[in-house]
file target-v9.txt (compact mmCIF, C-alpha atoms)
# COMPACT_ATOMS: atom_id res chain seq x y z
CA MET Q 12 71.47 21.27 304.36
CA ILE Q 13 70.77 20.60 300.74
CA ASP Q 14 71.58 16.92 301.16
CA VAL Q 15 68.95 16.67 303.91
CA LEU Q 16 66.29 18.23 301.71
CA ARG Q 17 67.06 15.82 298.92
CA GLN Q 18 66.91 12.76 301.25
CA GLU Q 19 63.65 13.53 303.09
CA PRO Q 20 61.25 15.29 300.71
CA SER Q 21 58.27 13.98 302.72
CA LEU Q 22 59.11 16.37 305.53
CA HIS Q 23 58.35 19.49 303.42
CA PRO Q 24 55.52 21.18 305.32
CA TRP Q 25 53.84 22.47 302.12
CA ARG Q 26 53.67 18.98 300.68
CA CYS Q 27 52.03 17.39 303.72
CA PRO Q 28 50.40 20.07 305.85
CA GLN Q 29 48.28 17.49 307.80
CA CYS Q 30 51.06 14.92 308.39
CA THR Q 31 51.15 13.49 311.92
CA LEU Q 32 54.37 11.53 311.43
CA HIS Q 33 57.33 12.21 313.69
CA LYS Q 34 60.63 10.54 314.40
CA SER Q 35 59.35 8.04 316.91
CA GLN Q 36 57.04 6.51 314.27
CA PHE Q 37 59.78 5.67 311.64
CA ILE Q 38 61.02 2.14 311.32
CA ALA Q 39 63.91 0.71 309.33
CA ASN Q 40 62.10 0.21 306.00
CA GLY Q 41 60.55 3.69 306.11
CA GLN Q 42 56.99 2.35 306.63
CA VAL Q 43 54.58 3.31 309.45
CA PRO Q 44 53.23 0.43 311.63
CA VAL Q 45 49.53 -0.19 310.96
CA LYS Q 46 48.74 -0.41 314.61
CA ASP Q 47 50.05 3.14 315.12
CA ALA Q 48 48.48 4.72 312.06
CA HIS Q 49 45.38 5.82 313.92
CA THR Q 50 46.75 6.12 317.44
CA PRO Q 51 45.13 9.15 319.08
CA MET Q 52 47.53 12.01 319.71
CA THR Q 53 47.59 13.93 322.92
CA TRP Q 54 47.77 17.69 322.89
CA LEU Q 55 51.37 17.49 324.01
CA MET Q 56 52.29 15.30 321.10
CA ARG Q 57 50.51 17.60 318.67
CA TRP Q 58 52.24 20.60 320.16
CA ARG Q 59 55.65 18.95 319.80
CA HIS Q 60 54.90 17.93 316.26
CA ARG Q 61 53.79 21.39 315.30
CA CYS Q 62 56.86 22.93 316.89
CA ALA Q 63 59.14 20.55 315.01
CA ALA Q 64 57.33 21.24 311.73
CA ALA Q 65 57.51 24.99 312.28
CA LEU Q 66 61.22 24.78 313.12
CA LEU Q 67 61.92 22.70 309.99
CA ALA Q 68 59.93 25.11 307.82
CA ALA Q 69 61.91 28.03 309.21
CA VAL Q 70 65.22 26.30 308.49
CA VAL Q 71 64.13 25.41 304.96
CA GLY Q 72 62.99 28.97 304.36
CA VAL Q 73 66.31 30.40 305.50
CA VAL Q 74 68.23 27.98 303.27
CA MET Q 75 66.11 28.71 300.20
CA THR Q 76 66.33 32.43 300.77
CA ALA Q 77 70.13 32.29 301.07
CA TRP Q 78 70.42 30.12 297.93
CA ALA Q 79 68.13 32.41 295.96
CA GLY Q 80 70.19 35.43 297.04
CA HIS Q 81 73.44 33.72 296.04
CA ALA Q 82 72.07 32.76 292.64
CA GLY Q 83 70.68 36.24 292.11
CA ALA Q 84 74.00 37.82 292.99
CA ALA Q 85 75.82 35.56 290.57
CA SER Q 86 73.26 36.33 287.89
CA GLY Q 87 73.48 40.02 288.65
CA ASP Q 88 77.26 39.96 288.42
CA GLY Q 89 77.09 38.22 285.05
CA SER Q 90 74.59 40.68 283.64
CA THR Q 91 76.63 43.58 284.91
CA ASP Q 92 79.72 42.21 283.24
CA SER Q 93 77.74 41.65 280.08
CA GLU Q 94 76.41 45.16 280.16
CA THR Q 95 79.88 46.51 280.81
CA VAL Q 96 81.32 44.62 277.88
CA SER Q 97 78.55 45.69 275.55
CA ALA Q 98 78.78 49.28 276.71
CA GLN Q 99 82.54 49.32 276.19
CA PRO Q 100 83.37 47.38 273.02
CA PRO Q 101 87.05 46.63 272.47
CA SER Q 102 88.67 49.63 270.89
CA GLU Q 103 90.58 49.26 267.66
CA PRO Q 104 94.33 49.89 267.85
CA ASP Q 105 95.41 53.34 266.81
CA ALA Q 106 96.66 53.57 263.24
CA PRO Q 107 100.42 54.17 263.02
CA PRO Q 108 101.29 57.78 262.35
CA VAL Q 109 102.03 58.66 258.73
CA PRO Q 110 105.72 59.58 258.52
CA THR Q 111 106.48 63.08 257.35
CA VAL Q 112 108.27 63.12 254.00
CA PRO Q 113 111.26 65.45 254.31
CA ASP Q 114 112.07 68.08 251.70
CA LEU Q 115 115.07 66.76 249.79
CA SER Q 116 115.60 69.70 247.43
CA ALA Q 117 118.30 71.37 249.52
CA LEU Q 118 120.15 68.07 249.96
CA ARG Q 119 120.00 67.40 246.21
CA THR Q 120 121.53 70.80 245.56
CA ALA Q 121 124.31 70.07 248.02
CA LEU Q 122 125.01 66.68 246.43
CA SER Q 123 125.27 68.26 243.00
CA GLU Q 124 128.30 70.17 244.25
CA PHE Q 125 130.28 66.93 244.26
CA HIS Q 126 131.66 67.26 240.71
CA CYS Q 127 133.39 63.89 240.78
CA ALA Q 128 130.21 62.02 241.68
CA GLU Q 129 126.83 61.13 240.28
CA LEU Q 130 124.57 61.04 243.33
CA ASP Q 131 120.85 60.81 243.91
CA VAL Q 132 118.70 60.96 247.02
CA ALA Q 133 115.28 59.43 247.57
CA ILE Q 134 112.96 58.03 250.23
CA GLY Q 135 113.40 54.27 250.55
CA LYS Q 136 110.72 51.65 251.22
CA ASP Q 137 111.51 51.82 254.92
CA GLN Q 138 110.80 55.61 254.82
CA ARG Q 139 114.48 56.30 255.37
CA VAL Q 140 116.42 58.79 253.26
CA ALA Q 141 118.78 56.94 250.91
CA ILE Q 142 121.73 58.36 248.98
CA SER Q 143 122.93 56.27 246.07
CA GLY Q 144 125.18 56.65 243.06
CA LEU Q 145 128.84 56.58 242.17
CA THR Q 146 131.86 58.70 242.95
CA ALA Q 147 135.30 58.98 241.36
CA GLY Q 148 136.66 61.32 244.00
CA ASP Q 149 137.59 60.94 247.64
CA THR Q 150 133.99 61.24 248.83
CA ASP Q 151 133.27 58.50 251.37
CA PRO Q 152 129.89 57.23 252.62
CA ASP Q 153 130.40 58.62 256.14
CA SER Q 154 130.86 62.18 254.90
CA LEU Q 155 127.71 61.88 252.79
CA ALA Q 156 125.76 60.57 255.79
CA LEU Q 157 126.95 63.50 257.91
CA LEU Q 158 125.99 65.92 255.14
CA ALA Q 159 122.50 64.47 255.03
CA GLN Q 160 122.28 64.77 258.81
CA ASP Q 161 122.84 68.53 258.51
CA PHE Q 162 119.98 68.94 256.03
CA LEU Q 163 117.54 66.47 257.61
CA THR Q 164 117.54 67.72 261.20
CA GLY Q 165 119.58 64.91 262.66
CA GLN Q 166 118.30 62.03 260.56
CA ARG Q 167 121.10 59.78 259.31
CA ALA Q 168 120.69 58.66 255.71
CA ALA Q 169 121.43 55.24 254.29
CA VAL Q 170 124.34 55.59 251.86
CA GLU Q 171 125.10 53.10 249.08
CA VAL Q 172 127.71 54.62 246.78
CA GLU Q 173 130.04 52.76 244.43
CA ARG Q 174 133.56 53.94 243.68
CA ALA Q 175 135.03 54.54 240.23
CA SER Q 176 138.62 55.14 239.19
CA PRO Q 177 139.98 58.44 240.55
CA ALA Q 178 141.25 59.15 237.01
CA LEU Q 179 137.63 59.85 236.00
CA CYS Q 180 137.48 62.75 238.44
CA GLU Q 181 139.69 65.01 236.29
CA PRO Q 182 137.33 65.37 233.30
CA LEU Q 183 134.38 65.84 235.69
CA THR Q 184 136.21 68.60 237.50
CA LEU Q 185 137.07 70.25 234.21
CA ILE Q 186 133.44 70.47 233.07
CA GLY Q 187 132.04 71.17 236.55
CA PRO Q 188 130.91 74.78 235.88
CA LEU Q 189 129.36 73.74 232.55
CA ARG Q 190 127.36 70.98 234.26
CA THR Q 191 126.09 73.47 236.81
CA ALA Q 192 124.96 75.84 234.04
CA ASN Q 193 123.27 72.95 232.24
CA ALA Q 194 121.37 71.86 235.35
CA GLY Q 195 119.78 75.30 235.58
CA SER Q 196 118.56 75.25 231.99
CA ALA Q 197 114.89 74.86 231.12
CA ALA Q 198 115.80 72.28 228.44
CA PRO Q 199 119.09 70.79 229.60
CA LEU Q 200 121.50 68.72 227.56
CA SER Q 201 121.09 65.09 228.59
CA ILE Q 202 122.25 61.51 227.98
CA ARG Q 203 119.60 58.82 227.80
CA PHE Q 204 120.48 55.15 227.91
CA THR Q 205 118.06 52.70 226.35
CA GLU Q 206 118.54 50.34 229.32
CA ALA Q 207 117.09 50.98 232.76
CA ALA Q 208 119.13 53.24 235.00
CA GLY Q 209 121.94 51.38 236.70
CA THR Q 210 121.81 48.37 234.35
CA PRO Q 211 125.37 47.27 233.53
CA PHE Q 212 126.56 46.89 229.95
CA LYS Q 213 127.81 43.35 229.38
CA GLY Q 214 130.83 42.40 227.30
CA GLY Q 215 129.89 42.13 223.61
CA GLN Q 216 126.81 44.35 224.03
CA ASP Q 217 126.43 47.34 221.71
CA LEU Q 218 126.91 50.73 223.29
CA MET Q 219 123.89 52.73 222.13
CA PHE Q 220 122.34 55.83 223.70
CA ASP Q 221 120.51 59.07 222.87
CA ILE Q 222 121.59 62.66 223.36
CA ALA Q 223 118.94 65.35 223.85
CA ALA Q 224 120.29 68.67 222.59
CA PRO Q 225 119.94 71.90 224.63
CA ASP Q 226 117.59 74.71 223.70
CA PHE Q 227 119.97 76.18 221.09
CA PRO Q 228 121.58 74.78 217.91
CA ALA Q 229 124.82 73.19 219.05
CA HIS Q 230 127.87 71.19 218.09
CA LEU Q 231 128.33 68.08 220.22
CA GLN Q 232 131.64 66.75 221.49
CA VAL Q 233 131.06 63.24 222.89
CA ASP Q 234 133.92 61.53 224.75
CA TYR Q 235 134.11 58.09 226.34
CA PHE Q 236 136.64 57.83 229.19
CA THR Q 237 137.68 54.26 229.93
CA SER Q 238 138.60 52.75 233.28
CA ASP Q 239 142.21 52.23 232.13
CA GLY Q 240 142.94 55.89 231.29
CA ASP Q 241 142.08 56.23 227.60
CA VAL Q 242 139.46 58.34 225.84
CA ILE Q 243 137.48 57.40 222.72
CA HIS Q 244 135.90 60.24 220.78
CA LEU Q 245 132.45 59.00 219.84
CA LEU Q 246 131.46 62.22 218.07
CA PRO Q 247 132.85 63.59 215.81
CA ASN Q 248 134.29 60.34 214.44
CA PRO Q 249 135.68 59.20 211.07
CA LEU Q 250 132.19 58.31 209.81
CA GLU Q 251 130.36 61.27 211.38
CA VAL Q 252 132.59 64.28 211.08
CA SER Q 253 129.93 66.74 212.18
CA GLY Q 254 128.34 66.80 215.57
CA ARG Q 255 125.81 69.53 214.82
CA VAL Q 256 122.25 69.18 216.15
CA GLU Q 257 119.23 71.45 216.15
CA ALA Q 258 117.80 72.90 219.35
CA GLY Q 259 115.96 70.25 221.35
CA ALA Q 260 116.76 67.50 218.81
CA VAL Q 261 117.56 63.93 219.87
CA ARG Q 262 120.55 62.21 218.28
CA ARG Q 263 121.17 58.48 218.66
CA LEU Q 264 124.71 57.14 218.70
CA GLY Q 265 125.89 53.57 218.21
CA GLU Q 266 122.91 52.19 216.28
CA ARG Q 267 123.85 49.46 213.82
CA GLY Q 268 122.64 49.98 210.29
CA ALA Q 269 122.26 53.73 210.65
CA GLY Q 270 125.38 54.47 208.62
CA GLY Q 271 127.41 55.76 211.56
CA ARG Q 272 129.93 54.37 213.98
CA PHE Q 273 128.89 51.67 216.45
CA TRP Q 274 130.80 50.15 219.36
CA SER Q 275 130.74 46.99 221.46
CA VAL Q 276 131.61 46.78 225.16
CA GLY Q 277 134.86 44.97 225.93
CA PRO Q 278 137.54 44.61 228.60
CA PRO Q 279 138.83 45.98 230.83
CA TYR Q 280 135.50 46.16 232.64
CA GLY Q 281 134.48 48.52 235.40
CA HIS Q 282 133.05 51.99 235.85
CA GLU Q 283 133.50 54.31 232.86
CA LEU Q 284 132.33 57.77 231.89
CA ILE Q 285 130.59 59.50 228.98
CA VAL Q 286 131.02 63.29 228.70
CA VAL Q 287 128.95 65.41 226.29
CA ILE Q 288 129.72 69.07 225.64
CA ALA Q 289 127.37 71.29 223.60
CA SER Q 290 128.79 74.54 222.23
CA PRO Q 291 127.57 77.04 219.57
CA THR Q 292 130.69 76.28 217.48
CA PRO Q 293 132.95 73.20 217.33
CA LEU Q 294 135.44 72.98 220.21
CA PHE Q 295 138.28 71.84 217.95
CA PRO Q 296 139.08 73.13 214.45
CA SER Q 297 139.63 69.54 213.29
CA PRO Q 298 138.57 66.18 214.75
CA ARG Q 299 140.79 64.59 217.37
CA PRO Q 300 142.21 61.07 216.88
CA GLU Q 301 139.46 58.53 217.46
CA ALA Q 302 141.27 57.18 220.54
CA GLU Q 303 144.04 58.69 222.64
CA ALA Q 304 145.33 58.82 226.20
CA ALA Q 305 143.21 60.92 228.52
CA SER Q 306 146.35 62.58 229.87
CA SER Q 307 147.05 63.99 226.39
CA TYR Q 308 143.49 65.05 225.66
CA LEU Q 309 142.51 66.80 228.88
CA PRO Q 310 144.97 69.74 228.56
CA ALA Q 311 143.72 70.36 225.00
CA LEU Q 312 140.12 70.17 226.21
CA LYS Q 313 140.79 72.68 228.97
CA GLN Q 314 142.28 75.09 226.47
CA ALA Q 315 139.27 74.71 224.17
CA LEU Q 316 136.81 75.28 227.01
CA ASP Q 317 138.63 78.40 228.16
CA SER Q 318 137.89 80.01 224.81
CA ALA Q 319 134.40 78.52 224.32
CA ALA Q 320 131.25 80.64 224.21
CA PRO Q 321 129.55 81.43 227.53
CA THR Q 322 126.48 79.45 226.49
CA THR Q 323 128.45 76.19 226.34
CA VAL Q 324 127.02 73.48 228.59
CA ALA Q 325 128.00 69.94 229.45
CA THR Q 326 126.67 66.78 231.07
CA ALA Q 327 128.11 63.39 232.02
CA ARG Q 328 126.94 59.89 232.90
CA PHE Q 329 128.71 57.00 234.54
CA LEU Q 330 128.14 53.53 233.22
CA LYS Q 331 129.22 50.14 234.47
CA THR Q 332 130.58 47.39 232.25
CA LYS Q 333 131.08 43.76 233.22
CA ALA Q 334 132.07 40.46 231.67
CA PRO Q 335 129.31 38.59 229.83
call {"tool": "encode", "arguments": {"input": "target-v9.txt", "output": "structure tokens"}}
result
Amino acid sequence: MIDVLRQEPSLHPWRCPQCTLHKSQFIANGQVPVKDAHTPMTWLMRWRHRCAAALLAAVVGVVMTAWAGHAGAASGDGSTDSETVSAQPPSEPDAPPVPTVPDLSALRTALSEFHCAELDVAIGKDQRVAISGLTAGDTDPDSLALLAQDFLTGQRAAVEVERASPALCEPLTLIGPLRTANAGSAAPLSIRFTEAAGTPFKGGQDLMFDIAAPDFPAHLQVDYFTSDGDVIHLLPNPLEVSGRVEAGAVRRLGERGAGGRFWSVGPPYGHELIVVIASPTPLFPSPRPEAEAASSYLPALKQALDSAAPTTVATARFLKTKAP
């Protein structure tokens, strides 16, 4: 239909309303013979011509109407889609829910009951509860994970705990009640390393740290338990026979040039332990040998603690040593 309209535009009735041409007058080159240009037409011929023209006009009208309707429908569909899109802009994805931070206070209290361990709990970067630290006892990661599950309503914690020599558990067990009393103090006795927490001490490095005294004048007993079963008494020592400090004072040990004892880290390397006990009076009537076997010292320490004042408190810190 459309091809016909494009090939014979001269047959459009509105372009040539007075045309008298019909099929019998066409010749091969599309021209009309001169002799027939003014041939009179009978009424029958005119009637046939008019009928043909009317029929062609009707066909053209139907085609144009159908095409216009098709184009309008397509245009209408496009506008509807456009209106639908504009009326319903793409929604932004919902923001992920903010995870609820669990209360870790009860779990911290439970972890503090492990006297042969130094444990901490925190929320990791992945929002998972993480237990870290060091243990000298028989505490294993699975038991710690199960403990956390009891306090965190089924959530299993990530556990990264290093193991120290079981020999270090005995002094920790001995001072366990004193550590508990110290933890409940408003101004607890504490050990402060100058390095960041968890930083190992390398061979040849000076061992230097601060001790913050409790909220009463005290005498300090500072012991260093090695990984091979010995104990070195850092305070009192041959150069510092008195371990007395004022309430809340900070005392630095191991500083070169300060006139006191200083020490360097050496082998054997591994996890070792510093124990500090603060009592109103000295634990021992005279200083102990600067170094001795822990198996000889611990019974004497137990006897001294049994007769110590009720206000006596203690604290302890693990440290890790390694080859330079």
call {"tool": "closest_residue", "arguments": {"input": "target-v9.txt", "among": "Q:Ser253, Q:Asn248, Q:Gln138, Q:Ser123", "to": "Leu155 of chain Q", "atoms": "all atoms listed in the file"}}
result
Q:Ser123
call {"tool": "atom_distance", "arguments": {"input": "target-v9.txt", "atom1": "atom CA of Leu145 of chain Q", "atom2": "atom CA of Glu173 of chain Q"}}
result
4.6 Å
call {"tool": "residues_around", "arguments": {"input": "target-v9.txt", "residues": "segment 312-314 of chain Q", "least_positions_apart": "2", "cutoff": "10 Å", "atoms": "only C-alpha atoms", "output": "MDAnalysis selection string"}}
result
chainID Q and resid 182 185:186 294:295 307:310 316:319
call {"tool": "closest_residue", "arguments": {"input": "target-v9.txt", "among": "Q:Pro113, Q:Arg263, Q:Leu183, Q:Thr332", "to": "Ser201 of chain Q", "atoms": "only C-alpha atoms"}}
result
Q:Arg263
call {"tool": "atom_distance", "arguments": {"input": "target-v9.txt", "atom1": "atom CA of Arg272 of chain Q", "atom2": "atom CA of Ala207 of chain Q"}}
result
23.0 Å
call {"tool": "residues_near_point", "arguments": {"input": "target-v9.txt", "point": "(136.6, 41.2, 222.6)", "cutoff": "7 Å", "atoms": "all atoms listed in the file", "output": "list in words"}}
result
Gly215, Gly277 and Pro278 of chain Q
call {"tool": "residues_around", "arguments": {"input": "target-v9.txt", "residues": "Ala197 of chain Q", "least_positions_apart": "2", "cutoff": "9 Å", "atoms": "only C-alpha atoms", "output": "mmCIF file with C-alpha atoms, keeping the file's coordinate frame"}}
result
data_model
loop_
_atom_site.group_PDB
_atom_site.id
_atom_site.type_symbol
_atom_site.label_atom_id
_atom_site.label_comp_id
_atom_site.auth_asym_id
_atom_site.auth_seq_id
_atom_site.Cartn_x
_atom_site.Cartn_y
_atom_site.Cartn_z
ATOM 1 C CA ASN Q 193 123.270 72.950 232.240
ATOM 2 C CA ALA Q 194 121.370 71.860 235.350
ATOM 3 C CA GLY Q 195 119.780 75.300 235.580
ATOM 4 C CA PRO Q 199 119.090 70.790 229.600
ATOM 5 C CA PRO Q 225 119.940 71.900 224.630
ATOM 6 C CA ASP Q 226 117.590 74.710 223.700
#
call {"tool": "closest_residue", "arguments": {"input": "target-v9.txt", "among": "Q:Ala169, Q:Leu246, Q:Ala141, Q:Ala325", "to": "Asp153 of chain Q", "atoms": "only C-alpha atoms"}}
result
Q:Ala169
call {"tool": "closest_residue", "arguments": {"input": "target-v9.txt", "among": "Q:Glu124, Q:Glu266, Q:Glu181, Q:Glu301", "to": "Leu284 of chain Q", "atoms": "only C-alpha atoms"}}
result
Q:Glu181
call {"tool": "closest_residue", "arguments": {"input": "target-v9.txt", "among": "Q:Pro152, Q:Gly187, Q:Arg328, Q:Ala198", "to": "Asp221 of chain Q", "atoms": "all atoms listed in the file"}}
result
Q:Arg328
call {"tool": "atom_distance", "arguments": {"input": "target-v9.txt", "atom1": "atom CA of Gly144 of chain Q", "atom2": "atom CA of Thr164 of chain Q"}}
result
22.6 Å
call {"tool": "residues_near_point", "arguments": {"input": "target-v9.txt", "point": "(132.3, 56.7, 226.8)", "cutoff": "9 Å", "atoms": "all atoms listed in the file", "output": "number ranges by chain"}}
result
Q: 218, 233-237, 242-245, 283-286, 328-330
call {"tool": "decode", "arguments": {"input": "target-v9.txt", "residues": "segment 136-155 of chain Q", "atoms": "C-alpha atoms", "output": "PDB file, in the first residue's frame"}}
result
ATOM      1  CA  LYS Q 136      36.786  -4.485  62.565  1.00  0.00           C
ATOM      2  CA  ASP Q 137      34.395  -7.101  61.215  1.00  0.00           C
ATOM      3  CA  GLN Q 138      32.025  -6.335  64.149  1.00  0.00           C
ATOM      4  CA  ARG Q 139      32.777  -9.735  65.632  1.00  0.00           C
ATOM      5  CA  VAL Q 140      33.666 -10.195  69.297  1.00  0.00           C
ATOM      6  CA  ALA Q 141      37.371 -11.019  69.633  1.00  0.00           C
ATOM      7  CA  ILE Q 142      39.168 -12.472  72.656  1.00  0.00           C
ATOM      8  CA  SER Q 143      42.921 -12.018  72.696  1.00  0.00           C
ATOM      9  CA  GLY Q 144      45.778 -12.337  75.148  1.00  0.00           C
ATOM     10  CA  LEU Q 145      47.975 -14.976  76.684  1.00  0.00           C
ATOM     11  CA  THR Q 146      47.484 -17.894  79.018  1.00  0.00           C
ATOM     12  CA  ALA Q 147      49.892 -19.974  81.101  1.00  0.00           C
ATOM     13  CA  GLY Q 148      47.257 -22.450  82.222  1.00  0.00           C
ATOM     14  CA  ASP Q 149      45.285 -25.162  80.489  1.00  0.00           C
ATOM     15  CA  THR Q 150      42.776 -22.723  79.024  1.00  0.00           C
ATOM     16  CA  ASP Q 151      42.226 -23.530  75.351  1.00  0.00           C
ATOM     17  CA  PRO Q 152      40.644 -21.350  72.626  1.00  0.00           C
ATOM     18  CA  ASP Q 153      37.578 -23.596  72.273  1.00  0.00           C
ATOM     19  CA  SER Q 154      36.631 -23.229  75.937  1.00  0.00           C
ATOM     20  CA  LEU Q 155      36.970 -19.448  75.674  1.00  0.00           C
TER      21      LEU Q 155
END
